[in-house]
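Participant: What follows is the file data_25.txt, containing compact mmCIF, C-alpha atoms:
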```
# COMPACT_ATOMS: atom_id res chain seq x y z
CA MET A 10 11.13 203.61 83.21
CA THR A 11 12.92 201.45 85.73
CA ARG A 12 10.01 198.96 85.63
CA ASP A 13 10.09 198.63 81.87
CA THR A 14 13.78 198.00 81.91
CA SER A 15 13.36 195.26 84.50
CA GLU A 16 10.69 193.55 82.39
CA LEU A 17 12.91 193.62 79.33
CA LEU A 18 15.82 192.16 81.21
CA GLY A 19 13.51 189.48 82.64
CA GLN A 20 12.51 188.45 79.12
CA LEU A 21 16.14 188.03 78.17
CA LYS A 22 16.74 185.73 81.11
CA ILE A 23 16.87 182.01 80.23
CA ASP A 24 14.60 179.79 82.29
CA ARG A 25 16.31 176.40 82.46
CA ASP A 26 13.24 174.70 84.03
CA ALA A 27 10.88 175.58 81.09
CA PRO A 28 10.14 172.76 78.50
CA PRO A 29 12.04 172.99 75.15
CA PRO A 30 10.12 174.27 72.09
CA PRO A 31 8.90 171.64 69.56
CA THR A 32 11.38 170.71 66.79
CA ALA A 33 10.72 170.47 63.04
CA PRO A 34 10.22 166.62 62.95
CA TYR A 35 7.74 166.91 65.71
CA ARG A 36 5.80 169.46 63.69
CA ARG A 37 5.69 167.12 60.69
CA THR A 38 4.31 164.34 62.85
CA LEU A 39 1.53 166.56 64.15
CA LEU A 40 0.69 167.67 60.60
CA ALA A 41 0.52 164.07 59.33
CA ALA A 42 -1.76 163.08 62.18
CA ALA A 43 -4.08 165.97 61.41
CA LEU A 44 -4.27 165.04 57.72
CA GLY A 45 -4.98 161.39 58.57
CA ALA A 46 -7.84 162.37 60.82
CA ALA A 47 -9.33 164.59 58.10
CA VAL A 48 -9.11 161.79 55.47
CA GLY A 49 -10.75 159.34 57.86
CA ALA A 50 -13.62 161.72 58.45
CA ILE A 51 -14.21 162.23 54.74
CA ALA A 52 -14.14 158.45 54.09
CA SER A 53 -16.71 157.88 56.83
CA VAL A 54 -19.04 160.43 55.25
CA LEU A 55 -18.73 158.81 51.79
CA ILE A 56 -19.39 155.31 53.10
CA SER A 57 -22.47 156.47 54.92
CA ALA A 58 -23.80 158.10 51.72
CA LEU A 59 -23.22 154.92 49.68
CA LEU A 60 -25.00 152.77 52.24
CA ALA A 61 -27.95 155.14 52.17
CA ASP A 62 -28.17 154.84 48.36
CA ASP A 63 -28.12 151.02 48.50
CA THR A 64 -30.97 150.93 50.98
CA ALA A 65 -33.15 153.15 48.75
CA PRO A 66 -35.91 151.24 46.89
CA ALA A 67 -34.96 150.38 43.33
CA ALA A 68 -36.95 151.89 40.54
CA ALA A 69 -39.47 149.56 39.00
CA ALA A 70 -38.31 148.07 35.74
CA PRO A 71 -40.40 149.13 32.77
CA GLU A 72 -42.84 146.53 31.58
CA PRO A 73 -42.30 145.25 28.05
CA ALA A 74 -44.55 146.69 25.44
CA ALA A 75 -47.42 144.63 24.15
CA ASN A 76 -46.87 142.26 21.21
CA THR A 77 -43.08 142.46 21.65
CA THR A 78 -41.10 139.28 21.06
CA ALA A 79 -37.79 138.81 22.89
CA THR A 80 -34.93 137.86 20.56
CA ILE A 81 -32.46 135.30 21.85
CA PRO A 82 -28.99 135.72 20.29
CA ALA A 83 -27.88 132.69 18.29
CA PRO A 84 -24.78 130.90 19.53
CA ALA A 85 -21.62 131.75 17.64
CA GLU A 86 -20.56 129.16 15.07
CA THR A 87 -17.61 127.08 16.05
CA ALA A 88 -14.62 127.85 13.83
CA THR A 89 -13.40 124.89 11.79
CA PHE A 90 -9.94 124.63 10.33
CA SER A 91 -8.51 122.20 7.82
CA VAL A 92 -5.39 120.26 8.61
CA GLU A 93 -3.35 122.66 6.47
CA GLN A 94 -4.58 125.64 8.54
CA ARG A 95 -3.66 124.19 11.90
CA GLU A 96 -0.56 125.10 13.79
CA ALA A 97 2.54 123.07 12.99
CA VAL A 98 3.82 120.58 15.54
CA LEU A 99 7.37 120.63 14.13
CA ASN A 100 9.36 122.72 11.65
CA ALA A 101 12.36 121.58 9.62
CA SER A 102 14.34 122.50 6.52
CA GLY A 103 15.71 120.44 3.65
CA TYR A 104 16.09 120.22 -0.11
CA ILE A 105 14.22 119.07 -3.20
CA THR A 106 15.66 115.78 -4.48
CA ALA A 107 14.89 113.45 -7.38
CA ARG A 108 14.33 109.74 -6.88
CA ARG A 109 15.18 109.07 -10.54
CA MET A 110 18.27 110.88 -11.80
CA ALA A 111 20.98 109.43 -14.02
CA THR A 112 24.19 110.57 -15.65
CA VAL A 113 23.99 108.75 -18.98
CA SER A 114 27.22 107.32 -20.36
CA ALA A 115 28.31 104.82 -22.99
CA GLN A 116 28.97 101.14 -22.35
CA VAL A 117 31.96 101.20 -24.70
CA MET A 118 34.82 103.61 -25.18
CA GLY A 119 34.58 105.66 -28.33
CA LEU A 120 34.78 108.96 -30.15
CA ILE A 121 31.68 111.14 -29.87
CA THR A 122 30.38 112.07 -33.31
CA SER A 123 27.18 113.90 -32.28
CA VAL A 124 25.30 115.07 -29.19
CA ASP A 125 21.60 115.59 -29.87
CA VAL A 126 20.45 117.20 -26.59
CA GLU A 127 20.80 120.50 -24.76
CA GLU A 128 20.17 121.63 -21.20
CA GLY A 129 16.49 122.03 -20.43
CA MET A 130 15.36 119.70 -23.22
CA ARG A 131 12.66 117.19 -22.34
CA VAL A 132 13.41 113.69 -23.68
CA SER A 133 11.36 110.53 -23.88
CA GLU A 134 12.40 107.01 -23.00
CA GLY A 135 14.60 105.51 -25.73
CA GLN A 136 15.31 108.82 -27.46
CA VAL A 137 18.79 109.14 -29.01
CA LEU A 138 21.04 111.38 -26.91
CA ALA A 139 24.40 110.97 -28.66
CA ARG A 140 26.27 108.78 -31.16
CA LEU A 141 29.79 107.36 -31.18
CA ASP A 142 32.00 106.45 -34.10
CA ASP A 143 30.81 102.91 -35.00
CA ALA A 144 32.91 102.13 -38.11
CA LYS A 145 34.92 99.39 -36.39
CA ALA A 146 31.81 97.90 -34.79
CA ARG A 147 30.12 97.69 -38.19
CA VAL A 148 33.11 95.85 -39.66
CA ASN A 149 33.12 93.38 -36.79
CA LEU A 150 29.40 92.73 -37.33
CA GLN A 151 29.93 92.13 -41.03
CA LEU A 152 32.80 89.75 -40.25
CA ALA A 153 30.65 87.72 -37.87
CA GLN A 154 27.86 87.53 -40.44
CA ALA A 155 30.33 86.31 -43.09
CA GLN A 156 31.58 83.64 -40.69
CA VAL A 157 28.04 82.33 -40.37
CA GLN A 158 27.76 82.09 -44.15
CA VAL A 159 31.02 80.09 -44.35
CA LEU A 160 29.85 77.62 -41.75
CA GLN A 161 26.49 77.22 -43.44
CA ALA A 162 28.27 76.35 -46.73
CA ARG A 163 30.42 73.84 -44.88
CA LEU A 164 27.29 72.38 -43.34
CA GLY A 165 25.80 71.91 -46.81
CA SER A 166 28.92 70.07 -48.02
CA ILE A 167 28.88 67.75 -45.03
CA SER A 168 25.18 67.06 -45.54
CA ALA A 169 25.80 66.10 -49.18
CA ASN A 170 28.67 63.75 -48.25
CA LEU A 171 26.55 62.19 -45.54
CA GLY A 172 23.78 61.45 -48.01
CA GLU A 173 26.22 59.76 -50.39
CA ALA A 174 27.69 57.69 -47.55
CA ARG A 175 24.24 56.45 -46.60
CA ARG A 176 23.43 55.44 -50.17
CA GLN A 177 26.78 53.68 -50.47
CA LYS A 178 26.15 51.72 -47.31
CA VAL A 179 22.82 50.52 -48.70
CA ARG A 180 24.46 49.35 -51.93
CA TYR A 181 27.18 47.44 -50.08
CA ALA A 182 24.54 45.79 -47.93
CA ASP A 183 22.65 44.62 -51.06
CA LEU A 184 25.77 43.39 -52.84
CA ILE A 185 27.18 41.46 -49.91
CA ASP A 186 24.26 39.05 -50.12
CA LYS A 187 25.12 38.43 -53.77
CA HIS A 188 28.81 38.12 -52.94
CA TYR A 189 29.69 41.16 -55.07
CA SER A 190 31.14 43.12 -52.11
CA SER A 191 33.08 42.24 -49.02
CA ARG A 192 32.22 42.67 -45.35
CA ALA A 193 35.12 45.15 -45.06
CA GLN A 194 33.61 47.51 -47.63
CA LEU A 195 30.29 47.51 -45.78
CA THR A 196 32.01 48.27 -42.47
CA GLN A 197 33.99 51.07 -44.07
CA SER A 198 30.82 52.66 -45.44
CA GLU A 199 29.16 52.50 -42.01
CA ALA A 200 32.17 54.18 -40.40
CA ASN A 201 32.19 56.86 -43.08
CA GLU A 202 28.51 57.58 -42.42
CA GLU A 203 29.07 57.94 -38.66
CA ASN A 204 32.04 60.26 -39.26
CA LEU A 205 29.98 62.51 -41.50
CA GLN A 206 27.15 62.57 -38.94
CA ALA A 207 29.63 63.78 -36.32
CA GLN A 208 30.95 66.44 -38.69
CA LEU A 209 27.39 67.55 -39.37
CA ALA A 210 26.67 67.96 -35.65
CA SER A 211 29.92 69.90 -35.20
CA ALA A 212 29.09 72.19 -38.10
CA GLN A 213 25.63 72.89 -36.69
CA ALA A 214 27.17 73.79 -33.31
CA ASP A 215 29.67 76.09 -35.01
CA ILE A 216 26.83 77.86 -36.76
CA ARG A 217 25.03 78.44 -33.46
CA VAL A 218 28.20 79.94 -32.00
CA ALA A 219 28.67 82.11 -35.06
CA LYS A 220 25.12 83.38 -34.81
CA LEU A 221 25.66 84.30 -31.15
CA GLU A 222 28.77 86.21 -32.21
CA VAL A 223 26.68 88.09 -34.75
CA GLN A 224 24.21 88.98 -32.02
CA ARG A 225 27.04 90.15 -29.75
CA GLN A 226 28.55 92.31 -32.46
CA ARG A 227 25.12 93.78 -33.20
CA GLU A 228 24.68 94.69 -29.53
CA GLN A 229 28.10 96.32 -29.48
CA LEU A 230 27.11 98.31 -32.53
CA LEU A 231 23.94 99.44 -30.77
CA ASP A 232 26.05 100.48 -27.76
CA HIS A 233 27.55 103.21 -29.93
CA THR A 234 24.14 104.93 -29.87
CA ILE A 235 23.35 106.36 -26.42
CA ARG A 236 19.64 106.50 -25.61
CA ALA A 237 17.62 107.91 -22.71
CA PRO A 238 16.90 105.27 -20.05
CA PHE A 239 13.69 107.04 -18.96
CA ALA A 240 11.69 110.16 -19.72
CA GLY A 241 12.87 113.35 -18.09
CA VAL A 242 14.60 116.70 -18.49
CA VAL A 243 18.26 117.19 -19.37
CA THR A 244 19.84 119.24 -16.59
CA GLN A 245 23.52 118.97 -17.61
CA LYS A 246 25.35 118.44 -20.90
CA ASN A 247 28.76 117.01 -20.11
CA ALA A 248 30.29 116.17 -23.50
CA GLN A 249 30.79 117.60 -26.97
CA PRO A 250 31.43 116.03 -30.39
CA GLY A 251 35.07 115.12 -30.88
CA GLU A 252 35.68 114.07 -27.29
CA ILE A 253 36.33 110.53 -26.07
CA VAL A 254 33.79 108.94 -23.75
CA ALA A 255 34.42 105.89 -21.59
CA PRO A 256 32.39 103.95 -18.98
CA SER A 257 35.04 104.81 -16.39
CA SER A 258 37.77 107.40 -16.15
CA ALA A 259 40.71 106.48 -18.37
CA GLY A 260 42.96 109.26 -17.11
CA GLY A 261 43.64 112.66 -18.62
CA GLY A 262 41.35 115.59 -19.16
CA PHE A 263 40.00 114.60 -22.59
CA THR A 264 38.04 111.49 -21.58
CA ARG A 265 34.42 112.01 -20.53
CA THR A 266 32.57 109.60 -18.27
CA GLY A 267 29.09 110.90 -19.07
CA ILE A 268 27.14 112.44 -21.91
CA CYS A 269 24.41 114.23 -19.96
CA THR A 270 22.34 114.12 -16.77
CA ILE A 271 18.61 113.39 -16.92
CA VAL A 272 16.14 114.05 -14.09
CA ASP A 273 12.65 112.60 -13.87
CA MET A 274 10.66 115.62 -12.71
CA ASP A 275 7.74 113.43 -11.68
CA SER A 276 9.93 111.79 -9.02
CA LEU A 277 10.81 114.98 -7.12
CA GLU A 278 10.37 114.85 -3.37
CA ILE A 279 11.59 116.59 -0.23
CA GLU A 280 14.29 115.30 2.10
CA VAL A 281 14.71 116.83 5.55
CA ASP A 282 16.80 116.00 8.59
CA VAL A 283 14.74 115.92 11.79
CA ASN A 284 16.39 116.08 15.19
CA GLU A 285 16.14 112.65 16.75
CA ALA A 286 14.69 114.20 19.92
CA PHE A 287 11.57 115.24 17.93
CA ILE A 288 11.23 112.33 15.51
CA GLY A 289 8.34 111.03 17.61
CA ARG A 290 6.20 113.89 16.26
CA VAL A 291 6.55 112.58 12.69
CA ALA A 292 4.61 109.63 11.22
CA THR A 293 4.20 108.09 7.79
CA GLY A 294 1.22 109.61 5.98
CA GLN A 295 1.33 112.81 8.02
CA LYS A 296 0.36 116.00 6.18
CA VAL A 297 3.07 118.59 5.62
CA ARG A 298 3.05 122.20 4.47
CA ALA A 299 6.14 123.06 2.41
CA ASN A 300 7.45 126.47 1.33
CA LEU A 301 10.28 126.92 -1.14
CA ASP A 302 12.91 129.51 -0.28
CA ALA A 303 12.34 130.93 -3.76
CA TYR A 304 8.56 131.22 -3.20
CA PRO A 305 8.05 131.64 0.57
CA ASP A 306 4.36 132.60 0.25
CA TRP A 307 3.44 129.52 -1.80
CA ASP A 308 2.13 126.65 0.36
CA ILE A 309 2.84 123.27 -1.24
CA PRO A 310 0.79 120.34 0.09
CA ALA A 311 2.92 117.31 0.85
CA THR A 312 2.80 114.01 2.75
CA VAL A 313 5.39 112.05 4.68
CA VAL A 314 6.40 109.06 2.55
CA ALA A 315 8.90 107.30 4.79
CA ILE A 316 11.11 107.74 7.82
CA ILE A 317 14.54 106.29 7.07
CA PRO A 318 15.16 103.71 9.85
CA THR A 319 18.62 104.93 10.77
CA ALA A 320 20.08 107.99 12.49
CA ASP A 321 23.08 110.14 11.69
CA ARG A 322 25.38 109.80 14.66
CA ALA A 323 27.36 112.93 13.82
CA LYS A 324 24.32 115.23 13.47
CA ALA A 325 21.88 113.35 15.75
CA THR A 326 19.21 113.53 13.05
CA VAL A 327 16.90 111.16 11.19
CA ARG A 328 16.21 111.59 7.47
CA VAL A 329 12.56 111.91 6.43
CA ARG A 330 11.25 111.56 2.87
CA ILE A 331 8.27 113.77 1.99
CA GLY A 332 6.28 113.30 -1.20
CA ILE A 333 4.92 116.32 -3.08
CA ASP A 334 1.17 115.94 -3.63
CA SER A 335 1.00 118.10 -6.79
CA THR A 336 3.80 118.62 -9.31
CA ASP A 337 4.66 122.08 -10.58
CA ALA A 338 7.22 123.44 -13.04
CA ARG A 339 8.51 125.86 -10.39
CA ILE A 340 9.79 123.00 -8.23
CA LEU A 341 13.37 122.24 -9.25
CA PRO A 342 15.98 119.79 -7.89
CA ASP A 343 18.29 120.97 -5.08
CA MET A 344 16.02 123.90 -4.14
CA GLY A 345 15.94 124.83 -0.48
CA VAL A 346 12.61 124.22 1.27
CA LYS A 347 11.13 124.68 4.72
CA VAL A 348 8.46 122.28 5.93
CA ALA A 349 5.92 122.34 8.74
CA PHE A 350 4.61 119.02 10.04
CA LEU A 351 0.92 119.45 10.73
CA PRO A 352 -1.08 117.75 13.51
CA GLN A 353 -2.14 114.22 12.71
CA GLU A 354 -5.77 113.35 12.21
CA PRO A 355 -7.42 111.34 15.02
CA SER A 356 -7.76 108.28 12.78
CA MET A 357 -4.06 108.41 11.97
CA VAL A 358 -3.11 108.74 15.63
CA GLY A 359 -5.13 105.64 16.43
CA GLU A 360 -3.19 103.68 13.88
```
Could the structure of this file be written out as structure tokens, please?
Facilitator:
Amino acid sequence: MTRDTSELLGQLKIDRDAPPPPTAPYRRTLLAAALGAAVGAIASVLISALLADDTAPAAAAPEPAANTTATIPAPAETATFSVEQREAVLNASGYITARRMATVSAQVMGLITSVDVEEGMRVSEGQVLARLDDAKARVNLQLAQAQVQVLQARLGSISANLGEARRQKVRYADLIDKHYSSRAQLTQSEANEENLQAQLASAQADIRVAKLEVQRQREQLLDHTIRAPFAGVVTQKNAQPGEIVAPSSAGGGFTRTGICTIVDMDSLEIEVDVNEAFIGRVATGQKVRANLDAYPDWDIPATVVAIIPTADRAKATVRVRIGIDSTDARILPDMGVKVAFLPQEPSMVGE
């Protein structure tokens, strides 16, 4: 009993010279080292097995069967793309514009009596668009024609007097040799003939002037009929019968300066502003793919017509004119459009 108690007390005694027990971090380190050694051993075994498989003799390839022809795959065809299918080198936006568009007006001021067109109507060159009150112009023409008739009658009278003066001069010349007339009478007849010749020339000149006045009055009468300067479509009707039209604004809200606006649909083209930093990618004759904002899925073939040789200082852009290759009724003036400049053909680049 005393011995057991001594052993128990000895176990409770702290030995300061004994080494300290291992801590938790030290245990983790030992565990990691053990795992690393195990992984290394497994990897060595796998590598040895793979090397053994590589050194094994390969199985003999099966011989081809008799009368068997090997087929060589044909090379894939090279894809070809048209210019319109290539990627664009530059994109821009602009508007549809008309090269021929005119607001038709009258050359004289007058009262509109009729307007013979409506919006959307197609007109031909020379077709009557409107008429003005021409009563005064007709009277002026008739007056000029009457003046010509008066001068022609005067010319006939002078011609008759001139003929008589010539005959009288001949008689005086015959009688002076027979001493039946004096030298003074002969001289007077010669002077009378020359005077009538001058009057005749003056009357002929007056008739030419009168005829020119008739022509002028006729042209002024024709100016009261407004005609289409070229074939196109009426896009705006600006006046109504009963209004006053004038070549320029005369003040007030009742004076019109135009009858209607005509657009030549065959002259439509695209105008875009290209940043001057990218204008080097654009060339005359270059193919363009255009898409209207109204029809974004419709590709319109177009070609660069001209690069305007000046830049906009405020916007740092250069204006480019693009011609539409095929006309269509869906293309209207002032429509928004987006364009893609396509790569140039090698022949064009060489130029």
Participant: I'd like the box whose edges run along x, y and z of the file and which contains every listed atom of segment 129-146 of chain A, padded by 4 Å per side; could you state its centre and edge lengths in Å, one decimal, as lines of an AutoDock Vina configuration file?
Facilitator:
```
center_x = 23.1
center_y = 110.0
center_z = -29.3
size_x = 31.6
size_y = 32.1
size_z = 25.7
```
Participant: Need the shell around Asn300 of chain A: protein/DNA/RNA residues with any atom at most 9 Å away, counting all atoms listed in the file. Skip same-chain ones fewer than 4 positions apart. Format as number ranges by chain?
Facilitator: A: 304-309, 345-349
Participant: Which protein, DNA or RNA residues are at most 10 Å from (28.7, 96.2, -29.5) in the file's coordinates when you count all atoms listed in the file, listed as a list in words?
Facilitator: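 Within 10 Å of (28.7, 96.2, -29.5), the protein and nucleic acid residues are Gln116, Val117, Asp143, Lys145, Ala146, Arg147, Asn149, Leu150, Val223, Gln224, Arg225, Gln226, Arg227, Glu228, Gln229, Leu230, Leu231, Asp232, His233 and Thr234 of chain A.
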Participant: Which of these residues is nearest to Ser276 of chain A, using all atoms listed in the file: A:Gly241, A:Lys220, A:Arg163, A:Leu141?
Facilitator: A:Gly241
Participant: Looking at all atoms listed in the file, which of A:Ile105, A:Ile317, A:Ile271, A:Ala311 is the one that sits closest to Val283 of chain A?
Facilitator: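 Of A:Ile105, A:Ile317, A:Ile271, A:Ala311, the one nearest Val283 of chain A is A:Ile317, counting all atoms listed in the file.
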Participant: From the options A:Val314, A:Ala320, A:Ile288, A:Glu280, which residue's atoms come nearest to Thr106 of chain A, counting only C-alpha atoms?
Facilitator: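 Nearest to Thr106 of chain A: A:Glu280.
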Participant: Go through A:Gln353, A:Gln194, A:Ser166, A:Thr312 and flag the residue nearest Ile333 of chain A, using all atoms listed in the file for the distances.
Facilitator: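 Of A:Gln353, A:Gln194, A:Ser166, A:Thr312, the one nearest Ile333 of chain A, counting all atoms listed in the file, is A:Thr312.
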Participant: With distances taken over all atoms listed in the file, which of A:Thr244, A:Asn284, A:Gln206, A:Ser168 is nearest to Thr270 of chain A?
Facilitator: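 Among A:Thr244, A:Asn284, A:Gln206, A:Ser168, it is A:Thr244 that comes nearest to Thr270 of chain A.
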Participant: Just the number, please: distance in Å from atom CA of Thr266 of chain A to atom CA of Gln249 of chain A, one decimal.
Facilitator: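 Separation between atom CA of Thr266 of chain A and atom CA of Gln249 of chain A: 12.0 Å.
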Participant: Grab the atom CA of Ala323 of chain A to atom CA of Val281 of chain A distance for me, in Å with one decimal place.
Facilitator: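 Interatomic distance here is 15.6 Å.
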Participant: Quick check, in Å to one decimal: how far apart do atom CA of Ala325 of chain A and atom CA of Pro310 of chain A lie?
Facilitator: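 Answer for the atom CA of Ala325 of chain A to atom CA of Pro310 of chain A separation: 27.2 Å.
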Participant: Hey, which bits of segment 138-218 of chain A sit within 8 Å of segment 119-127 of chain A, and for each residue what's the closest pair of atoms and how far apart in Å (one decimal), counting all atoms listed in the file, rows by chain and increasing number, as CSV?
Facilitator:
```
residue,atom,partner,partner_atom,distance
A:Leu138,CA,A:Asp125,CA,5.2
A:Ala139,CA,A:Val124,CA,4.2
A:Arg140,CA,A:Ser123,CA,5.3
A:Leu141,CA,A:Ile121,CA,4.4
A:Asp142,CA,A:Leu120,CA,5.4
```
Participant: From the list A:Met344, A:Ala237, A:Val218, A:Ala107, which residue is nearest Asp273 of chain A when using only C-alpha atoms?
Facilitator: A:Ala107
Participant: Extract, using all atoms listed in the file, all DNA, RNA and protein residues at most 8 Å from Asn247 of chain A, discarding same-chain residues fewer than 4 positions from it, and format them as a list in words.
Facilitator: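 Residues near the query, excluding close chain neighbours: Arg265, Gly267, Ile268, Cys269 and Thr270 of chain A.
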